[in-house]
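Source file protein-v6.pdb; content: PDB, C-alpha atoms.
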ATOM      1  CA  MET S  19      55.203  -0.983  24.129
ATOM      2  CA  PRO S  20      55.165  -4.745  24.746
ATOM      3  CA  TYR S  21      53.873  -6.692  27.739
ATOM      4  CA  THR S  22      53.946  -4.729  31.008
ATOM      5  CA  ALA S  23      54.711  -6.598  34.233
ATOM      6  CA  THR S  24      53.409  -4.304  37.000
ATOM      7  CA  PHE S  25      50.004  -2.778  37.718
ATOM      8  CA  VAL S  26      50.173   0.983  38.207
ATOM      9  CA  PRO S  27      47.632   3.469  39.608
ATOM     10  CA  GLU S  28      45.180   4.907  37.090
ATOM     11  CA  THR S  29      46.735   7.460  34.792
ATOM     12  CA  PHE S  30      44.069   7.375  32.078
ATOM     13  CA  THR S  31      40.555   8.697  32.229
ATOM     14  CA  ARG S  32      37.791   7.041  30.253
ATOM     15  CA  ALA S  33      37.882  10.027  27.859
ATOM     16  CA  ASP S  34      41.627   9.421  27.303
ATOM     17  CA  VAL S  35      41.014   5.746  26.559
ATOM     18  CA  ASP S  36      38.103   6.468  24.221
ATOM     19  CA  ALA S  37      40.276   8.925  22.274
ATOM     20  CA  THR S  38      43.284   6.586  21.938
ATOM     21  CA  PRO S  39      43.955   5.738  18.290
ATOM     22  CA  GLY S  40      44.937   2.220  17.249
ATOM     23  CA  PRO S  41      45.126  -0.911  19.364
ATOM     24  CA  LEU S  42      45.380  -0.863  23.164
ATOM     25  CA  VAL S  43      45.041  -3.484  25.880
ATOM     26  CA  LEU S  44      43.966  -2.461  29.371
ATOM     27  CA  GLU S  45      44.545  -5.121  32.013
ATOM     28  CA  PHE S  46      42.708  -4.500  35.277
ATOM     29  CA  GLY S  47      43.927  -6.116  38.482
ATOM     30  CA  ALA S  48      46.309  -5.645  41.407
ATOM     31  CA  ASN S  49      49.914  -6.645  42.093
ATOM     32  CA  TRP S  50      48.881  -8.575  45.236
ATOM     33  CA  CYS S  51      46.060 -10.506  43.494
ATOM     34  CA  GLY S  52      46.700 -14.248  43.320
ATOM     35  CA  TRP S  53      44.523 -14.662  40.196
ATOM     36  CA  CYS S  54      46.495 -11.877  38.511
ATOM     37  CA  GLN S  55      49.859 -13.359  39.476
ATOM     38  CA  GLY S  56      48.801 -16.814  38.281
ATOM     39  CA  ALA S  57      47.696 -15.482  34.879
ATOM     40  CA  GLN S  58      50.868 -13.526  34.133
ATOM     41  CA  PRO S  59      52.830 -16.356  32.462
ATOM     42  CA  ARG S  60      49.920 -16.939  30.045
ATOM     43  CA  ILE S  61      49.496 -13.222  29.347
ATOM     44  CA  ALA S  62      53.234 -12.664  28.841
ATOM     45  CA  SER S  63      53.403 -15.656  26.499
ATOM     46  CA  ALA S  64      50.488 -14.328  24.461
ATOM     47  CA  PHE S  65      52.141 -10.937  24.054
ATOM     48  CA  ALA S  66      55.396 -12.622  23.021
ATOM     49  CA  GLN S  67      53.552 -14.700  20.401
ATOM     50  CA  ALA S  68      50.925 -12.346  19.026
ATOM     51  CA  GLY S  69      51.014  -8.813  20.313
ATOM     52  CA  SER S  70      54.459  -7.476  20.982
ATOM     53  CA  GLN S  71      53.625  -4.169  19.273
ATOM     54  CA  VAL S  72      50.240  -3.663  20.942
ATOM     55  CA  PRO S  73      50.393  -1.205  23.865
ATOM     56  CA  HIS S  74      49.613  -2.972  27.155
ATOM     57  CA  VAL S  75      48.639  -0.911  30.197
ATOM     58  CA  LYS S  76      48.141  -2.599  33.567
ATOM     59  CA  VAL S  77      45.656  -0.571  35.581
ATOM     60  CA  GLU S  78      45.618  -1.054  39.337
ATOM     61  CA  ASP S  79      41.941  -1.545  40.077
ATOM     62  CA  GLY S  80      39.807  -1.547  43.187
ATOM     63  CA  PRO S  81      36.601  -0.206  44.736
ATOM     64  CA  GLY S  82      35.791   3.290  43.576
ATOM     65  CA  ARG S  83      38.380   3.353  40.798
ATOM     66  CA  PRO S  84      36.523   5.087  37.968
ATOM     67  CA  LEU S  85      38.248   3.519  34.953
ATOM     68  CA  GLY S  86      37.584  -0.048  36.052
ATOM     69  CA  ARG S  87      34.012   0.806  36.940
ATOM     70  CA  SER S  88      33.453   2.421  33.536
ATOM     71  CA  PHE S  89      34.400  -0.919  31.939
ATOM     72  CA  ARG S  90      32.273  -2.836  34.475
ATOM     73  CA  VAL S  91      35.238  -4.876  35.678
ATOM     74  CA  LYS S  92      34.156  -7.400  38.302
ATOM     75  CA  LEU S  93      36.915 -10.062  38.328
ATOM     76  CA  TRP S  94      40.685  -9.803  38.046
ATOM     77  CA  PRO S  95      42.527  -9.974  35.841
ATOM     78  CA  THR S  96      40.276  -8.567  33.148
ATOM     79  CA  LEU S  97      41.876  -7.665  29.836
ATOM     80  CA  VAL S  98      39.969  -5.218  27.646
ATOM     81  CA  PHE S  99      41.101  -5.113  24.006
ATOM     82  CA  LEU S 100      40.407  -1.810  22.278
ATOM     83  CA  GLN S 101      40.719  -0.556  18.725
ATOM     84  CA  ASP S 102      40.477   3.223  18.302
ATOM     85  CA  GLY S 103      38.933   3.519  21.778
ATOM     86  CA  ARG S 104      36.224   0.928  21.102
ATOM     87  CA  GLU S 105      36.124  -2.401  22.953
ATOM     88  CA  VAL S 106      36.428  -5.311  20.514
ATOM     89  CA  ALA S 107      37.261  -8.174  22.885
ATOM     90  CA  ARG S 108      37.522  -9.028  26.574
ATOM     91  CA  VAL S 109      39.228 -11.873  28.413
ATOM     92  CA  VAL S 110      38.529 -12.481  32.097
ATOM     93  CA  ARG S 111      40.867 -14.719  34.117
ATOM     94  CA  PRO S 112      42.530 -16.320  31.088
ATOM     95  CA  GLN S 113      43.052 -20.059  31.430
ATOM     96  CA  ALA S 114      45.227 -20.351  28.310
ATOM     97  CA  ALA S 115      47.543 -18.049  26.387
ATOM     98  CA  THR S 116      45.536 -18.776  23.239
ATOM     99  CA  GLU S 117      42.553 -16.802  24.619
ATOM    100  CA  VAL S 118      44.711 -13.694  24.877
ATOM    101  CA  GLU S 119      46.558 -14.380  21.605
ATOM    102  CA  GLN S 120      43.288 -14.557  19.667
ATOM    103  CA  ALA S 121      42.113 -11.189  21.043
ATOM    104  CA  LEU S 122      45.531  -9.623  20.377
ATOM    105  CA  ARG S 123      45.476 -10.778  16.769
ATOM    106  CA  GLN S 124      41.995  -9.373  16.387
ATOM    107  CA  ILE S 125      43.022  -5.839  17.414
ATOM    108  CA  ALA S 126      46.516  -5.962  15.884
ATOM    109  CA  ALA S 127      44.937  -6.653  12.486
ATOM    110  CA  GLY S 128      42.941  -3.472  13.054
TER
END

What's the structure tokens form of this structure?
Amino acid sequence: MPYTATFVPETFTRADVDATPGPLVLEFGANWCGWCQGAQPRIASAFAQAGSQVPHVKVEDGPGRPLGRSFRVKLWPTLVFLQDGREVARVVRPQAATEVEQALRQIAAG
């Protein structure tokens, strides 16, 4: 599953995420968020360059959403890079594709 373009309502619980084998990227934000929209070209580029095989799930976040709160997300977009359910990297409001590429390479190498 390569880069995903649209944020969707939560479908995972924290227990689901913690039990997910292999690499996974959770991106927290909202479709209407200007910061999120502005970061998408950099995030898409990073996935094209370094992480096309890493699953990418865009989680629609907001007040009271348990998954985002469990990861202590405060700013959007926040990308959480996981390996076997364990957080290994985090990028908040990426300013360059290289920030995301580096984290993708880290989890893709597993």

For this session: Could you tell me how far atom CA of S:Val26 lies from atom CA of S:Thr116, in Å and to one decimal?
Result: 25.2 Å

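Distances to S:Ala127 were evaluated for S:Ser63, S:Tyr21, S:Phe30, S:Ala68 using only C-alpha atoms, and the minimum falls at S:Ala68.
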
For this session: Could you check how far atom CA of S:Trp50 sits from atom CA of S:Ala23, in Å to one decimal?
Result: 12.6 Å

Exercise. Residues at most 10 Å from S:Pro84, counting all atoms listed in the file, excluding those fewer than 5 positions away in the same chain, as a list in words?
Worked result: Glu28, Phe30, Thr31, Arg32, Asp79, Phe89 and Arg90 of chain S

Exercise. Could you write out as a list in words the residues that the PyMOL selection byres ((chain S and resi 24) around 9) matches in the shown file?
Worked result: Thr22, Ala23, Phe25, Val26, Ala48, Asn49, Val75, Lys76, Val77 and Glu78 of chain S

For this session: Specify as an MDAnalysis selection string each residue included when the PyMOL selection byres ((chain S and resi 54-56) around 10) is applied to this file.
Result: chainID S and resid 23 25 45:53 57:61 93:96 111:113

Problem set entry | Atomic separation - atom CA of S:Arg83 relative to atom CA of S:Glu119, Å |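 Rounded to one decimal, the two atoms are 27.4 Å apart.
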
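Shown here are all protein and nucleic acid residues lying within 9 Å of (48.4, -14.6, 20.2), with all atoms listed in the file considered: Ser63, Ala64, Phe65, Ala66, Gln67, Ala68, Gly69, Ala115, Thr116, Glu117, Val118, Glu119, Gln120, Ala121, Leu122 and Arg123 of chain S.
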
Exercise. Can you list what the PyMOL selection byres ((chain S and resi 125) around 12) grabs from this structure, as a PyMOL selection string?
Worked result: chain S and resi 39-43+68-69+71-73+98-108+118-124+126-128

Seminar exercise, completed: Using only C-alpha atoms, the best pick from S:Ala62, S:Val91, S:Val110, S:Gly86 as closest to S:Val35 would be S:Gly86

Working from the structure I just supplied, which lacks atoms in stretch 104-128 of chain S, can you model N, CA, C and O atoms there and output them as an mmCIF file, in the coordinates of the input?
data_model
loop_
_atom_site.group_PDB
_atom_site.id
_atom_site.type_symbol
_atom_site.label_atom_id
_atom_site.label_comp_id
_atom_site.auth_asym_id
_atom_site.auth_seq_id
_atom_site.Cartn_x
_atom_site.Cartn_y
_atom_site.Cartn_z
ATOM 1 N N ARG S 104 37.447 1.739 21.066
ATOM 2 C CA ARG S 104 36.224 0.928 21.102
ATOM 3 C C ARG S 104 36.589 -0.498 21.519
ATOM 4 O O ARG S 104 37.497 -1.101 20.964
ATOM 5 N N GLU S 105 35.865 -1.036 22.495
ATOM 6 C CA GLU S 105 36.124 -2.401 22.953
ATOM 7 C C GLU S 105 35.740 -3.398 21.864
ATOM 8 O O GLU S 105 34.628 -3.372 21.357
ATOM 9 N N VAL S 106 36.700 -4.285 21.523
ATOM 10 C CA VAL S 106 36.428 -5.311 20.514
ATOM 11 C C VAL S 106 36.532 -6.722 21.082
ATOM 12 O O VAL S 106 36.066 -7.670 20.456
ATOM 13 N N ALA S 107 37.149 -6.861 22.250
ATOM 14 C CA ALA S 107 37.261 -8.174 22.885
ATOM 15 C C ALA S 107 37.543 -7.974 24.367
ATOM 16 O O ALA S 107 37.996 -6.909 24.789
ATOM 17 N N ARG S 108 37.280 -9.053 25.130
ATOM 18 C CA ARG S 108 37.522 -9.028 26.574
ATOM 19 C C ARG S 108 37.849 -10.448 27.003
ATOM 20 O O ARG S 108 37.201 -11.398 26.578
ATOM 21 N N VAL S 109 38.865 -10.577 27.846
ATOM 22 C CA VAL S 109 39.228 -11.873 28.413
ATOM 23 C C VAL S 109 39.300 -11.694 29.925
ATOM 24 O O VAL S 109 40.002 -10.811 30.421
ATOM 25 N N VAL S 110 38.559 -12.532 30.643
ATOM 26 C CA VAL S 110 38.529 -12.481 32.097
ATOM 27 C C VAL S 110 39.164 -13.764 32.636
ATOM 28 O O VAL S 110 38.783 -14.863 32.241
ATOM 29 N N ARG S 111 40.153 -13.592 33.504
ATOM 30 C CA ARG S 111 40.867 -14.719 34.117
ATOM 31 C C ARG S 111 41.266 -15.770 33.074
ATOM 32 O O ARG S 111 40.779 -16.906 33.098
ATOM 33 N N PRO S 112 42.164 -15.397 32.168
ATOM 34 C CA PRO S 112 42.530 -16.320 31.088
ATOM 35 C C PRO S 112 43.092 -17.634 31.614
ATOM 36 O O PRO S 112 43.933 -17.645 32.506
ATOM 37 N N GLN S 113 42.596 -18.720 31.053
ATOM 38 C CA GLN S 113 43.052 -20.059 31.430
ATOM 39 C C GLN S 113 44.122 -20.587 30.471
ATOM 40 O O GLN S 113 44.777 -21.575 30.773
ATOM 41 N N ALA S 114 44.242 -19.937 29.308
ATOM 42 C CA ALA S 114 45.227 -20.351 28.310
ATOM 43 C C ALA S 114 45.721 -19.121 27.561
ATOM 44 O O ALA S 114 44.960 -18.168 27.355
ATOM 45 N N ALA S 115 46.973 -19.168 27.143
ATOM 46 C CA ALA S 115 47.543 -18.049 26.387
ATOM 47 C C ALA S 115 46.795 -17.830 25.082
ATOM 48 O O ALA S 115 46.694 -16.696 24.602
ATOM 49 N N THR S 116 46.232 -18.899 24.523
ATOM 50 C CA THR S 116 45.536 -18.776 23.239
ATOM 51 C C THR S 116 44.341 -17.832 23.318
ATOM 52 O O THR S 116 44.016 -17.182 22.322
ATOM 53 N N GLU S 117 43.678 -17.737 24.465
ATOM 54 C CA GLU S 117 42.553 -16.802 24.619
ATOM 55 C C GLU S 117 43.017 -15.362 24.394
ATOM 56 O O GLU S 117 42.369 -14.587 23.699
ATOM 57 N N VAL S 118 44.162 -15.044 24.984
ATOM 58 C CA VAL S 118 44.711 -13.694 24.877
ATOM 59 C C VAL S 118 45.292 -13.484 23.476
ATOM 60 O O VAL S 118 45.102 -12.420 22.877
ATOM 61 N N GLU S 119 45.981 -14.494 22.956
ATOM 62 C CA GLU S 119 46.558 -14.380 21.605
ATOM 63 C C GLU S 119 45.489 -14.066 20.564
ATOM 64 O O GLU S 119 45.687 -13.221 19.688
ATOM 65 N N GLN S 120 44.369 -14.754 20.634
ATOM 66 C CA GLN S 120 43.288 -14.557 19.667
ATOM 67 C C GLN S 120 42.786 -13.109 19.714
ATOM 68 O O GLN S 120 42.585 -12.470 18.682
ATOM 69 N N ALA S 121 42.585 -12.568 20.904
ATOM 70 C CA ALA S 121 42.113 -11.189 21.043
ATOM 71 C C ALA S 121 43.171 -10.207 20.566
ATOM 72 O O ALA S 121 42.851 -9.207 19.915
ATOM 73 N N LEU S 122 44.443 -10.497 20.843
ATOM 74 C CA LEU S 122 45.531 -9.623 20.377
ATOM 75 C C LEU S 122 45.585 -9.590 18.856
ATOM 76 O O LEU S 122 45.757 -8.528 18.256
ATOM 77 N N ARG S 123 45.454 -10.728 18.249
ATOM 78 C CA ARG S 123 45.476 -10.778 16.769
ATOM 79 C C ARG S 123 44.311 -9.994 16.181
ATOM 80 O O ARG S 123 44.426 -9.353 15.152
ATOM 81 N N GLN S 124 43.180 -10.072 16.856
ATOM 82 C CA GLN S 124 41.995 -9.373 16.387
ATOM 83 C C GLN S 124 42.218 -7.860 16.357
ATOM 84 O O GLN S 124 41.866 -7.202 15.387
ATOM 85 N N ILE S 125 42.824 -7.293 17.411
ATOM 86 C CA ILE S 125 43.022 -5.839 17.414
ATOM 87 C C ILE S 125 44.277 -5.434 16.655
ATOM 88 O O ILE S 125 44.320 -4.352 16.106
ATOM 89 N N ALA S 126 45.297 -6.299 16.607
ATOM 90 C CA ALA S 126 46.516 -5.962 15.884
ATOM 91 C C ALA S 126 46.251 -5.873 14.384
ATOM 92 O O ALA S 126 46.880 -5.098 13.668
ATOM 93 N N ALA S 127 45.288 -6.671 13.909
ATOM 94 C CA ALA S 127 44.937 -6.653 12.486
ATOM 95 C C ALA S 127 44.214 -5.366 12.129
ATOM 96 O O ALA S 127 44.203 -4.956 10.985
ATOM 97 N N GLY S 128 43.608 -4.748 13.168
ATOM 98 C CA GLY S 128 42.941 -3.472 13.054
ATOM 99 C C GLY S 128 41.943 -3.371 11.985
ATOM 100 O O GLY S 128 41.523 -2.495 11.425
#
